[in-house]
Structure formats: structure tokens, C-alpha cells
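Below you'll find the structure, written out as C-alpha cells, and then a few comments.
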Amino acid sequence: GFYVFVCLQDEEGKVSRVIRIGTRKSQLARIQTDSVAEKLKELYPDVLLEIVAMSTTGDKILDTALSKIGEKSLFTKELENALERNEVDLVVHSLKDLPTILPVGFTIGAVLKRESPYDAVVLHPKNAGKSLDLLPNKSVIGTSSLRRAAQLKKRFPHLEFKDIRGNLNTRLKKLDENSDFSAIILAAAGLRRMGWDSRISQILGPEDCMYAVGQGALAIEVRASDQDILEMVSVLHDPDTVLRCIAERAFLRHLVRILLFLLKYLYLTGAVYSLDGSDSLKDTMQTTVSSDNQVHFSSLFLRVGVTALKVSGAAQDAAEKLGVDLANLLLSKGAKEILTVARQLNDAR
């Protein structure tokens, strides 16, 4: 087949390129993609944007726990296939859905300013006004995330956790329309982007549940060789979010999870948990992130799948080293054994 590169001219003879943006079909994905399209339209008013929506493997397989499907790119593969075939020019993802090692030829060209990275408790209407602490013994909490379940089992041992699948709309409907679940756990960022702040009953801080790598941030994936598109989207990078997410993704790539950022210091707290939450390791490290004007900017920095053209290379190096160092610290304390047993137990489920 052919891919036709489309250029249009306006009345003044200006050439406008048609940029096709790939996205998942869910309402949340469309809201997120529309927000990126609006930003691009403001910055590049002559560019014509077309949104191409498609379903991914993760959208289609709804009767199996995510951890059991066995595919590393559940919510990204079909979108990346379209990117590879030049059917789209860029793809908008939730960063937490993107593996830390991207397929050859792709890169994250922009990481946008992060929404809240925390998880939120959404209670069944009958439990209005309560919190997880106050729910009755053996109350069932819905979550599709092993990360959430492992941590919350340790923090709230009186509760039980059961898998729940589907997009935000579907999971809220399952909660509200029957009594199977006393509450469900969702990303606060998604609820807020949908305009459903009122459904948030409780925000889970890091002492209750450490959030996922990249959670709350949107990422724009592009072809690494497409310099025009890379340059176009690079202005959407939020430097603070980029550095946090490089550290988080470096930690996860080398091992597993999470972080906070203050002033000139980058703090990373990471942990590994057994599936039932009974065995765990947790630690924190910090590094100095220089942002003075003396730093030289390289034309290309590619780390943990991220290309940040306009962010200090030294700061990116420090962030990535922080993630790797913290992973090695936890490995030295026995993280590998915890993760090996967790994987074996999950495979046997």
C-alpha cells in the first residue's frame, strides 16, 4: 500500500502539513489526546491535525487480569504499529503504559506536565464518607494492579482485593450497579481529567500506596528518525516532570518503583513487594540536579526511551543514575529474591 504525504496550501500560499495523532478509543484517551492537540494548535496554528483512534490489545481482552496476559505493550502495540507504518505521526499515551525499553525506531519526544501521580479510592455509594481504614472486615476492593494490591494488603490487612477490568467508565459502572465491591482504586489523574473529582473519596499518599512509574504524566511517542516531529513536540516537555520520570523509569528498568522532587534535589523512593505484601524492601536516595546556565545542552539525549531536546543533559544523567543506584541498593538488600518469588507466584495463579 501507499502512504500519501498530504500538504495543503491556504489562501496566502502557506504550506500546512497534516499531522495525524494516534490514540486509544476510550473517552479518557480522547480527552488526553484532545488536550495535546489543543496545545499543538496554539503553538503551530498553520498545522492541520487529524486524530486517529484505535483499539489496543488491553482494550479488547477484558476477562483476564493484566498481569496474566503476558504482553508487555498491552495498551501501546497497535498504536506503535500505526506509527511504524506512517499511518500516524505521533501517539499520545499515559506514560505509565509505556515500557521503559521502547521498540527500535521509537522515542518519547515529549513528557507533559504531570497531573497528580497518586492513586484514589472511589467508594461504593453505600460507603459514602468512609475511608479504607473504616471499611468493615473483609470488604472487597477492586483493582487491576498488582502494585496497588500488594501495597494495600500490607497497609490494610482487614481488606480483600479482587481484579476489576475495563476503562474508567466501565469500572465505575461495575462499582455502582452491584454490591461486589466496597470500593475501587483508580489513578487520581484520570478521574480529574474526566471531570470526576467528586467521585474521589480518598487520596492515597506514598505511605499508603506508592504510585506507578510515570503515573499522571502524558507522553508523546514519535519515530526517532522524524526530526521535524521531534522538534515540534519537544516544546511540550515539562523539565521537572521529565527529570522525575527519567529517574523513575531508570529505576523500573533496572528494577521497580517511585519519587518526589524538591528545588535542586531529586529524591527517589523505591520499593519491591511480595504479592501478598508481607515481604517488602523500601529505601530512598537523593541527587543534586544542576540547572544553572553553565550547563551545555546536547542536541539529543535519549534515556529510558525519552528524548528531551531542551532539558539539561547533566540533569538527565543525574536523574537516570539516581534511579539505577536506588535499584542497586534494593538489589543488595534482597530485592531480587522478593521479585523472583512474586513472579513465580503470579505465573502459578
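Going by the C-alpha cells order, chains are called A, B, ..., each with residues numbered from 1, while ligands are numbered from 1 in the order shown.
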
Env of Leu275 in chain A: 9 Å cut, atoms = only C-alpha atoms, seq-sep filter 4 positions within chain, self excluded. Answer as a PyMOL selection string.
chain A and resi 146-147+149-151+153+279+339+341-343+345-346

Can you spit out the residues from that selection as a tab-separated table (two decimals), in the first residue's frame, using all heavy atoms?
```tsv
chain	number	residue	atom	x	y	z
A	146	LEU	N	-1.37	-5.23	40.32
A	146	LEU	CA	-0.63	-5.97	41.34
A	146	LEU	C	0.09	-5.02	42.29
A	146	LEU	O	0.21	-5.28	43.48
A	146	LEU	CB	0.39	-6.91	40.69
A	146	LEU	CG	-0.13	-8.16	39.98
A	146	LEU	CD1	1.05	-8.94	39.40
A	146	LEU	CD2	-0.93	-9.05	40.92
A	147	ARG	N	0.60	-3.93	41.73
A	147	ARG	CA	1.30	-2.94	42.56
A	147	ARG	C	0.40	-2.41	43.67
A	147	ARG	O	0.79	-2.36	44.85
A	147	ARG	CB	1.76	-1.76	41.68
A	147	ARG	CG	2.30	-0.56	42.46
A	147	ARG	CD	2.54	0.62	41.54
A	147	ARG	NE	1.33	1.07	40.87
A	147	ARG	CZ	0.42	1.88	41.41
A	147	ARG	NH1	0.59	2.34	42.64
A	147	ARG	NH2	-0.63	2.25	40.73
A	149	ALA	N	-2.48	-3.73	44.82
A	149	ALA	CA	-2.95	-4.79	45.71
A	149	ALA	C	-1.86	-5.20	46.71
A	149	ALA	O	-2.14	-5.37	47.91
A	149	ALA	CB	-3.40	-5.99	44.89
A	150	ALA	N	-0.61	-5.35	46.25
A	150	ALA	CA	0.47	-5.79	47.13
A	150	ALA	C	0.70	-4.80	48.27
A	150	ALA	O	0.85	-5.18	49.43
A	150	ALA	CB	1.76	-5.97	46.33
A	151	GLN	N	0.71	-3.50	47.94
A	151	GLN	CA	0.95	-2.49	48.97
A	151	GLN	C	-0.23	-2.33	49.91
A	151	GLN	O	-0.06	-2.19	51.13
A	151	GLN	CB	1.26	-1.14	48.30
A	151	GLN	CG	2.56	-1.13	47.52
A	151	GLN	CD	2.85	0.23	46.93
A	151	GLN	OE1	3.32	1.14	47.60
A	151	GLN	NE2	2.56	0.38	45.65
A	153	LYS	N	-2.57	-4.52	50.64
A	153	LYS	CA	-2.75	-5.70	51.52
A	153	LYS	C	-1.90	-5.53	52.78
A	153	LYS	O	-2.31	-5.91	53.88
A	153	LYS	CB	-2.32	-6.97	50.79
A	153	LYS	CG	-3.32	-7.51	49.80
A	153	LYS	CD	-2.75	-8.71	49.04
A	153	LYS	CE	-3.68	-9.16	47.93
A	153	LYS	NZ	-3.08	-10.23	47.10
A	279	ASP	N	6.23	-9.33	52.51
A	279	ASP	CA	7.67	-9.15	52.40
A	279	ASP	C	7.94	-7.92	51.54
A	279	ASP	O	7.39	-7.79	50.43
A	279	ASP	CB	8.30	-10.39	51.76
A	279	ASP	CG	9.78	-10.53	52.10
A	279	ASP	OD1	10.28	-9.70	52.88
A	279	ASP	OD2	10.41	-11.47	51.59
A	339	LEU	N	11.32	-10.32	44.20
A	339	LEU	CA	10.73	-10.22	42.86
A	339	LEU	C	10.63	-11.59	42.19
A	339	LEU	O	9.65	-11.88	41.50
A	339	LEU	CB	11.55	-9.27	41.99
A	339	LEU	CG	11.49	-7.79	42.40
A	339	LEU	CD1	12.48	-6.98	41.57
A	339	LEU	CD2	10.09	-7.23	42.24
A	341	VAL	N	10.25	-14.57	43.66
A	341	VAL	CA	9.12	-15.30	44.25
A	341	VAL	C	7.79	-14.71	43.79
A	341	VAL	O	6.85	-15.45	43.45
A	341	VAL	CB	9.22	-15.26	45.79
A	341	VAL	CG1	7.96	-15.85	46.42
A	341	VAL	CG2	10.45	-16.03	46.27
A	342	ALA	N	7.70	-13.38	43.71
A	342	ALA	CA	6.46	-12.73	43.26
A	342	ALA	C	6.11	-13.16	41.85
A	342	ALA	O	4.95	-13.45	41.53
A	342	ALA	CB	6.59	-11.21	43.36
A	343	ARG	N	7.12	-13.21	40.97
A	343	ARG	CA	6.87	-13.61	39.58
A	343	ARG	C	6.43	-15.07	39.52
A	343	ARG	O	5.50	-15.41	38.79
A	343	ARG	CB	8.14	-13.41	38.75
A	343	ARG	CG	8.03	-14.01	37.36
A	343	ARG	CD	9.14	-13.55	36.43
A	343	ARG	NE	8.95	-12.17	36.04
A	343	ARG	CZ	9.65	-11.58	35.07
A	343	ARG	NH1	10.56	-12.24	34.42
A	343	ARG	NH2	9.42	-10.32	34.77
A	345	LEU	N	4.89	-16.83	41.84
A	345	LEU	CA	3.53	-16.93	42.36
A	345	LEU	C	2.52	-16.41	41.36
A	345	LEU	O	1.43	-16.99	41.18
A	345	LEU	CB	3.42	-16.15	43.68
A	345	LEU	CG	4.10	-16.78	44.90
A	345	LEU	CD1	4.06	-15.83	46.08
A	345	LEU	CD2	3.42	-18.11	45.26
A	346	ASN	N	2.85	-15.31	40.69
A	346	ASN	CA	1.93	-14.75	39.70
A	346	ASN	C	1.75	-15.70	38.52
A	346	ASN	O	0.65	-15.91	38.02
A	346	ASN	CB	2.41	-13.40	39.20
A	346	ASN	CG	1.45	-12.73	38.25
A	346	ASN	OD1	0.29	-12.51	38.58
A	346	ASN	ND2	1.90	-12.44	37.05
```

From A:Ile141, A:Leu28, A:Leu281, A:Val47, residue lying nearest Leu168 in chain A [only C-alpha atoms]
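Residue with the minimum atom-to-atom distance to Leu168 in chain A: A:Leu28.
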
Residue among A:Leu132, A:Leu79, A:Val233, A:Ala319 lying closest to Tyr267 in chain A, counting only C-alpha atoms
A:Ala319

I need the residues of range 5-223 of chain A that end up classed as helix (DSSP H, G or I) by DSSP on the backbone, written out as a PyMOL selection string.
chain A and resi 27-43+57-60+66-69+77-84+95-97+125-127+132-134+146-155+168-177+188-193+197-199

With a distance cut-off of 12 Å and only C-alpha atoms, select the neighbouring residues of Leu102 in chain A, excluding the residue or stretch itself and same-chain residues fewer than 5 positions from it, and output the selection as a ChimeraX atom specification.
/A:72-73,76-77,80,95,97,107-108,221-224,249,253,302-307

Next, write the just-selected residues to a file, as a PDB file, in the first residue's frame, keeping N, CA, C and O atoms as the atom set.
```pdb
ATOM      1  N   LYS A  72       3.834  -7.220  26.991  1.00  0.00           N
ATOM      2  CA  LYS A  72       4.430  -6.060  27.655  1.00  0.00           C
ATOM      3  C   LYS A  72       3.857  -4.738  27.143  1.00  0.00           C
ATOM      4  O   LYS A  72       3.947  -3.721  27.802  1.00  0.00           O
ATOM      5  N   SER A  73       3.280  -4.739  25.954  1.00  0.00           N
ATOM      6  CA  SER A  73       2.801  -3.482  25.360  1.00  0.00           C
ATOM      7  C   SER A  73       1.287  -3.530  25.155  1.00  0.00           C
ATOM      8  O   SER A  73       0.792  -3.282  24.064  1.00  0.00           O
ATOM      9  N   THR A  76      -0.181  -0.219  23.913  1.00  0.00           N
ATOM     10  CA  THR A  76       0.630   0.603  23.020  1.00  0.00           C
ATOM     11  C   THR A  76       0.961  -0.052  21.676  1.00  0.00           C
ATOM     12  O   THR A  76       1.279   0.640  20.723  1.00  0.00           O
ATOM     13  N   LYS A  77       0.911  -1.374  21.590  1.00  0.00           N
ATOM     14  CA  LYS A  77       1.445  -2.079  20.422  1.00  0.00           C
ATOM     15  C   LYS A  77       0.771  -1.661  19.118  1.00  0.00           C
ATOM     16  O   LYS A  77       1.442  -1.359  18.119  1.00  0.00           O
ATOM     17  N   GLU A  80       1.821   1.756  18.103  1.00  0.00           N
ATOM     18  CA  GLU A  80       3.195   1.778  17.581  1.00  0.00           C
ATOM     19  C   GLU A  80       3.260   1.163  16.180  1.00  0.00           C
ATOM     20  O   GLU A  80       4.044   1.612  15.336  1.00  0.00           O
ATOM     21  N   LEU A  95       1.989   7.853  30.258  1.00  0.00           N
ATOM     22  CA  LEU A  95       3.383   7.406  30.329  1.00  0.00           C
ATOM     23  C   LEU A  95       3.520   6.072  31.059  1.00  0.00           C
ATOM     24  O   LEU A  95       4.366   5.248  30.710  1.00  0.00           O
ATOM     25  N   ASP A  97       1.857   3.533  30.825  1.00  0.00           N
ATOM     26  CA  ASP A  97       1.583   2.398  29.937  1.00  0.00           C
ATOM     27  C   ASP A  97       2.764   2.046  29.044  1.00  0.00           C
ATOM     28  O   ASP A  97       2.770   0.991  28.406  1.00  0.00           O
ATOM     29  N   THR A 107      10.791   6.808  20.091  1.00  0.00           N
ATOM     30  CA  THR A 107      11.255   7.524  21.273  1.00  0.00           C
ATOM     31  C   THR A 107      10.109   8.355  21.835  1.00  0.00           C
ATOM     32  O   THR A 107       9.148   8.668  21.127  1.00  0.00           O
ATOM     33  N   ILE A 108      10.229   8.696  23.099  1.00  0.00           N
ATOM     34  CA  ILE A 108       9.271   9.610  23.732  1.00  0.00           C
ATOM     35  C   ILE A 108       9.782  11.021  23.464  1.00  0.00           C
ATOM     36  O   ILE A 108      10.809  11.433  24.003  1.00  0.00           O
ATOM     37  N   GLU A 221       4.822   9.740  21.886  1.00  0.00           N
ATOM     38  CA  GLU A 221       5.773   8.839  21.243  1.00  0.00           C
ATOM     39  C   GLU A 221       5.836   9.155  19.753  1.00  0.00           C
ATOM     40  O   GLU A 221       4.802   9.363  19.108  1.00  0.00           O
ATOM     41  N   VAL A 222       7.060   9.190  19.229  1.00  0.00           N
ATOM     42  CA  VAL A 222       7.263   9.539  17.819  1.00  0.00           C
ATOM     43  C   VAL A 222       8.309   8.604  17.212  1.00  0.00           C
ATOM     44  O   VAL A 222       8.971   7.846  17.921  1.00  0.00           O
ATOM     45  N   ARG A 223       8.460   8.679  15.904  1.00  0.00           N
ATOM     46  CA  ARG A 223       9.562   7.966  15.247  1.00  0.00           C
ATOM     47  C   ARG A 223      10.864   8.707  15.565  1.00  0.00           C
ATOM     48  O   ARG A 223      10.960   9.921  15.364  1.00  0.00           O
ATOM     49  N   ALA A 224      11.862   7.992  16.041  1.00  0.00           N
ATOM     50  CA  ALA A 224      13.119   8.617  16.458  1.00  0.00           C
ATOM     51  C   ALA A 224      13.813   9.334  15.307  1.00  0.00           C
ATOM     52  O   ALA A 224      14.564  10.292  15.514  1.00  0.00           O
ATOM     53  N   ARG A 249      11.770   5.807  35.565  1.00  0.00           N
ATOM     54  CA  ARG A 249      11.874   4.788  34.517  1.00  0.00           C
ATOM     55  C   ARG A 249      13.231   4.078  34.577  1.00  0.00           C
ATOM     56  O   ARG A 249      13.320   2.876  34.298  1.00  0.00           O
ATOM     57  N   ARG A 253      13.369   0.229  34.996  1.00  0.00           N
ATOM     58  CA  ARG A 253      14.106  -0.544  34.001  1.00  0.00           C
ATOM     59  C   ARG A 253      15.127  -1.434  34.698  1.00  0.00           C
ATOM     60  O   ARG A 253      15.320  -2.575  34.342  1.00  0.00           O
ATOM     61  N   LEU A 302      18.902  10.647  24.758  1.00  0.00           N
ATOM     62  CA  LEU A 302      17.959   9.541  24.678  1.00  0.00           C
ATOM     63  C   LEU A 302      18.188   8.626  25.873  1.00  0.00           C
ATOM     64  O   LEU A 302      19.159   7.912  25.947  1.00  0.00           O
ATOM     65  N   ARG A 303      17.282   8.684  26.836  1.00  0.00           N
ATOM     66  CA  ARG A 303      17.430   7.908  28.066  1.00  0.00           C
ATOM     67  C   ARG A 303      16.099   7.263  28.422  1.00  0.00           C
ATOM     68  O   ARG A 303      15.075   7.914  28.380  1.00  0.00           O
ATOM     69  N   VAL A 304      16.171   5.998  28.804  1.00  0.00           N
ATOM     70  CA  VAL A 304      14.975   5.213  29.140  1.00  0.00           C
ATOM     71  C   VAL A 304      13.815   5.532  28.191  1.00  0.00           C
ATOM     72  O   VAL A 304      12.669   5.675  28.605  1.00  0.00           O
ATOM     73  N   GLY A 305      14.151   5.660  26.905  1.00  0.00           N
ATOM     74  CA  GLY A 305      13.125   5.899  25.905  1.00  0.00           C
ATOM     75  C   GLY A 305      12.730   7.344  25.731  1.00  0.00           C
ATOM     76  O   GLY A 305      11.851   7.654  24.935  1.00  0.00           O
ATOM     77  N   VAL A 306      13.372   8.271  26.461  1.00  0.00           N
ATOM     78  CA  VAL A 306      12.979   9.686  26.422  1.00  0.00           C
ATOM     79  C   VAL A 306      14.020  10.508  25.667  1.00  0.00           C
ATOM     80  O   VAL A 306      15.216  10.418  25.937  1.00  0.00           O
ATOM     81  N   THR A 307      13.564  11.306  24.712  1.00  0.00           N
ATOM     82  CA  THR A 307      14.423  12.269  24.034  1.00  0.00           C
ATOM     83  C   THR A 307      13.985  13.661  24.467  1.00  0.00           C
ATOM     84  O   THR A 307      12.896  14.114  24.102  1.00  0.00           O
TER      85      THR A 307
END
```

Name the residues in contact with Leu135 in chain A at a cut-off of 10 Å, using only C-alpha atoms, excluding same-chain residues fewer than 5 positions from it; report them as a CSV table (one decimal) with C-alpha atoms, in the first residue's frame.
```csv
chain,number,residue,atom,x,y,z
A,123,LEU,CA,-16.2,4.2,47.4
A,127,ASN,CA,-19.9,3.6,52.0
A,130,LYS,CA,-15.8,6.4,54.9
A,140,VAL,CA,-13.7,-6.3,48.8
A,141,ILE,CA,-11.6,-3.6,47.0
A,156,PHE,CA,-4.9,-2.6,55.2
A,158,HIS,CA,-8.5,-6.4,57.0
A,159,LEU,CA,-9.5,-5.8,53.3
A,182,SER,CA,-17.0,-1.8,48.6
A,183,ALA,CA,-14.5,0.5,46.7
```

Using only C-alpha atoms, which residue out of A:Asp347, A:Gly214, A:Asn328, A:Leu236 lies closest to Glu42 in chain A?
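Of A:Asp347, A:Gly214, A:Asn328, A:Leu236, the one nearest Glu42 in chain A, counting only C-alpha atoms, is A:Leu236.
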
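For the pair CA of Asp208 in chain A and CA of Leu329 in chain A, the separation is 22.1 Å.
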
List the neighbours of His237 in chain A out to 7 Å using only C-alpha atoms; skip same-chain residues closer than 3 positions along the sequence, and give me the result as number ranges by chain.
A: 110-112, 234, 242

Could you write out that same residue set with all heavy atoms as an mmCIF file, in the first residue's frame?
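What follows is the written file selection-v4.cif:
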```
data_model
loop_
_atom_site.group_PDB
_atom_site.id
_atom_site.type_symbol
_atom_site.label_atom_id
_atom_site.label_comp_id
_atom_site.auth_asym_id
_atom_site.auth_seq_id
_atom_site.Cartn_x
_atom_site.Cartn_y
_atom_site.Cartn_z
ATOM 1 N N ALA A 110 8.132 13.888 24.026
ATOM 2 C CA ALA A 110 7.691 14.893 24.997
ATOM 3 C C ALA A 110 7.015 14.209 26.176
ATOM 4 O O ALA A 110 6.273 13.240 26.006
ATOM 5 C CB ALA A 110 6.732 15.890 24.360
ATOM 6 N N VAL A 111 7.307 14.713 27.368
ATOM 7 C CA VAL A 111 6.593 14.318 28.586
ATOM 8 C C VAL A 111 5.979 15.594 29.143
ATOM 9 O O VAL A 111 6.688 16.531 29.506
ATOM 10 C CB VAL A 111 7.537 13.675 29.623
ATOM 11 C CG1 VAL A 111 6.765 13.301 30.883
ATOM 12 C CG2 VAL A 111 8.232 12.454 29.036
ATOM 13 N N LEU A 112 4.655 15.633 29.180
ATOM 14 C CA LEU A 112 3.956 16.854 29.567
ATOM 15 C C LEU A 112 3.864 16.995 31.082
ATOM 16 O O LEU A 112 4.071 16.029 31.821
ATOM 17 C CB LEU A 112 2.556 16.880 28.953
ATOM 18 C CG LEU A 112 2.495 17.237 27.462
ATOM 19 C CD1 LEU A 112 3.007 16.096 26.593
ATOM 20 C CD2 LEU A 112 1.072 17.594 27.048
ATOM 21 N N SER A 234 8.889 18.759 21.084
ATOM 22 C CA SER A 234 9.829 18.942 22.194
ATOM 23 C C SER A 234 9.482 20.149 23.067
ATOM 24 O O SER A 234 9.828 20.170 24.254
ATOM 25 C CB SER A 234 11.261 19.075 21.674
ATOM 26 O OG SER A 234 11.432 20.282 20.953
ATOM 27 N N VAL A 242 9.993 15.642 33.293
ATOM 28 C CA VAL A 242 10.943 14.820 32.529
ATOM 29 C C VAL A 242 11.980 14.195 33.468
ATOM 30 O O VAL A 242 12.237 12.987 33.423
ATOM 31 C CB VAL A 242 11.668 15.651 31.448
ATOM 32 C CG1 VAL A 242 12.825 14.856 30.855
ATOM 33 C CG2 VAL A 242 10.705 16.044 30.340
#
```

Please provide as a PyMOL selection string all residues within 9 Å of Ser225 in chain A, with the sequence filter that same-chain residues fewer than 3 positions apart are discarded (counting only C-alpha atoms).
chain A and resi 105-106+222+228+230
